[in-house]
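Asker: Sharing a structure, written as structure tokens. Questions coming.
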Amino acid sequence: MTSSFIYGIAAGIALTFITLLAMYNGCYYFSSSAFYSNNNIFRRTSHIRHIRNISYEGYQFFVFSDESPMVRANVDVVRDTVCGLALRTQERAYVDNKTRPMDINQRIKGLDWPLTGITMVGQRRLINIEWAIRFVIANGVKGDYIECGVWRGGSSIFARAVLKALNNNDRHVWLADSFQGLPKARTPHDTDIWSKMEYLKVSLEEVQTNFRSFNLLDDRVHFCKGYFVDSLPRCNVSRLAVLRMDGDMYESTMDQLFNLYSKLQVGGVIIIDDYSIEECFRAIVDFRTWHNITEEILSIPGDETGRCWIKRKAVQLQKDQYARLVPKTKS
């Protein structure tokens, strides 16, 4: 009851900012001539209005001349609310089936499991999501945002909030998840440890309720329900600008890559939440090797586990490699 009350207050604060933001016509965009300030790997000229360069949390952002200051305030409040940092003295972490006081530094880096927060990715990886969305908008990369592995939905809620704050009506947000936890291993590449974690099991209804609490469940939010091996082939998204992967396992990572990487447009951003997990890391290395993907993998400023790269060329999928991982009868 207490946690619900606390979360309700935080969500109410965020909704207030969203409502105030709607009173403004100005938009706030990133337009980056390079990815991070010290990694000049993707140069492209933006033609969307006049911009100026600012530094923000390890990134170089470009702000438009008609930018409203309410956009920055709104996005920051939603971001800190979904990761449980809005009411820091009340939030706790869930560790080994027990709760303990939240360590703010761990929460910023997404190294703990929130009790009332609705995303595990932490503040730094949320900033990376915002950067990626603004980057593709500013550089004219067509396509939607998808997150695979959403837990309580907080990261995708934040992505939708960013798009709404930018008054961007062209892009949709997709959430792919079983909404019943992680699958059992189907090959020797993985173990069944993930499928036994009850805390990771969150229903579709709970995620939709969380979207509603921010007034962000609209016709631009879509859900692909089922384990990735089953749901992603039939997920009705045709073109992606941002692909965010959070599947933990080798098989789940391959399911995402083989079903979605070809839909990610050149110039789009791929984000790997679990790069520090051995099984996910091996899947990334194998997929990139099979397809001769050489784009630089970049660390996320201030974070320890996440990575990303910008897709610079199309690839021909080596489907025979994936066929070895797909069961003859899908679960």
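Residues in the structure tokens are named by chain (A, B, ... in the order shown) and by number from 1 within that chain; ligands are numbered from 1 in the order shown.
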Within 6 Å of region 254-271 of chain A, counting only C-alpha atoms, which residues qualify if same-chain residues fewer than 2 places away don't, as a ChimeraX atom specification?
Answerer: /A:228-229,239-244,251-252,307-313
Asker: Write a file of the selected residues as a compact mmCIF listing (two decimals), in the first residue's frame, keeping N, CA and C atoms.
Answerer:
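To be explicit, this is the file written out as again37.txt:
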```
# COMPACT_ATOMS: atom_id res chain seq x y z
N PHE A 228 10.39 -14.48 -27.37
CA PHE A 228 10.88 -13.83 -28.58
C PHE A 228 10.89 -14.76 -29.80
N VAL A 229 11.23 -16.03 -29.58
CA VAL A 229 11.32 -16.97 -30.70
C VAL A 229 9.96 -17.12 -31.38
N ARG A 239 9.69 -1.13 -39.69
CA ARG A 239 10.92 -0.35 -39.80
C ARG A 239 11.30 0.22 -38.43
N LEU A 240 12.56 0.05 -38.06
CA LEU A 240 13.02 0.48 -36.75
C LEU A 240 14.13 1.52 -36.87
N ALA A 241 14.10 2.49 -35.97
CA ALA A 241 15.19 3.46 -35.84
C ALA A 241 16.01 3.20 -34.59
N VAL A 242 15.35 2.69 -33.54
CA VAL A 242 16.04 2.35 -32.29
C VAL A 242 15.60 0.95 -31.88
N LEU A 243 16.57 0.07 -31.70
CA LEU A 243 16.35 -1.30 -31.24
C LEU A 243 17.04 -1.46 -29.89
N ARG A 244 16.24 -1.62 -28.84
CA ARG A 244 16.80 -1.80 -27.49
C ARG A 244 16.57 -3.24 -27.05
N GLU A 251 20.17 -17.28 -26.38
CA GLU A 251 19.11 -17.57 -27.34
C GLU A 251 18.20 -16.37 -27.55
N SER A 252 17.81 -15.71 -26.47
CA SER A 252 16.94 -14.54 -26.57
C SER A 252 17.60 -13.41 -27.35
N ARG A 307 25.79 -1.20 -23.73
CA ARG A 307 26.60 -0.82 -24.89
C ARG A 307 25.66 -0.47 -26.03
N CYS A 308 26.18 0.18 -27.05
CA CYS A 308 25.38 0.47 -28.23
C CYS A 308 26.29 0.68 -29.43
N TRP A 309 25.69 0.59 -30.61
CA TRP A 309 26.41 1.01 -31.82
C TRP A 309 25.40 1.56 -32.81
N ILE A 310 25.91 2.30 -33.78
CA ILE A 310 25.09 2.86 -34.85
C ILE A 310 25.27 1.99 -36.08
N LYS A 311 24.16 1.54 -36.63
CA LYS A 311 24.21 0.67 -37.81
C LYS A 311 24.61 1.51 -39.03
N ARG A 312 25.68 1.10 -39.69
CA ARG A 312 26.18 1.88 -40.81
C ARG A 312 26.04 1.18 -42.15
N LYS A 313 25.67 -0.09 -42.11
CA LYS A 313 25.49 -0.82 -43.37
C LYS A 313 24.48 -1.94 -43.18
```
Asker: I'd like the contact shell of Asp190 (chain A) - 7 Å cut-off, only C-alpha atoms, skipping same-chain residues fewer than 3 positions apart - returned as a list in words.
Answerer: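 Contacts, in chain order: Ala185, Thr187, Met249, Tyr250 and Glu279 of chain A.
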Asker: For a quick check of understanding, using only C-alpha atoms, which of A:Arg125, A:Lys319, A:Lys109, A:His291 has the smallest distance to Ser155 (chain A)?
Answerer: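 That would be A:Arg125, the residue with the smallest distance to Ser155 (chain A).
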Asker: Please measure the separation of CA of Asp273 (chain A) and CA of Asp218 (chain A), giving the value in Å to one decimal.
Answerer: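 Interatomic distance, CA of Asp273 (chain A) to CA of Asp218 (chain A): 25.8 Å.
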Asker: Determine the nearest neighbour of Asn128 (chain A) from the options A:Ser299, A:Asn236, A:Thr294, A:Ser213, counting only C-alpha atoms.
Answerer: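 That would be A:Ser299, the residue with the smallest distance to Asn128 (chain A).
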Asker: Return as a Markdown table the residues of region 99-163 of chain A lying at most 7 Å from region 86-93 of chain A, together with the closest atom-to-atom pair for each and the distance in Å to one decimal, counting only C-alpha atoms, with rows in chain order and ascending residue number.
Answerer:
```
| residue | atom | partner | partner_atom | distance |
| --- | --- | --- | --- | --- |
| A:Thr99 | CA | A:Ala93 | CA | 5.4 |
| A:Arg100 | CA | A:Ala93 | CA | 5.4 |
| A:Pro101 | CA | A:Arg92 | CA | 4.7 |
| A:Met102 | CA | A:Arg92 | CA | 4.5 |
| A:Asp112 | CA | A:Ala93 | CA | 6.3 |
| A:Trp113 | CA | A:Ala93 | CA | 5.5 |
| A:Pro114 | CA | A:Ala93 | CA | 4.8 |
| A:Leu115 | CA | A:Ala93 | CA | 5.3 |
| A:Thr116 | CA | A:Glu91 | CA | 6.5 |
```
Asker: Among region 73-304 of chain A, which residues does DSSP mark as strand (DSSP E or B) when it is run on the backbone? Keep the chain and numbering as in the structure and answer as a VMD selection string.
Answerer: chain A and resid 92 to 95 98 to 101 114 144 to 148 173 to 177 221 to 225 240 to 245 264 to 272 298 to 299
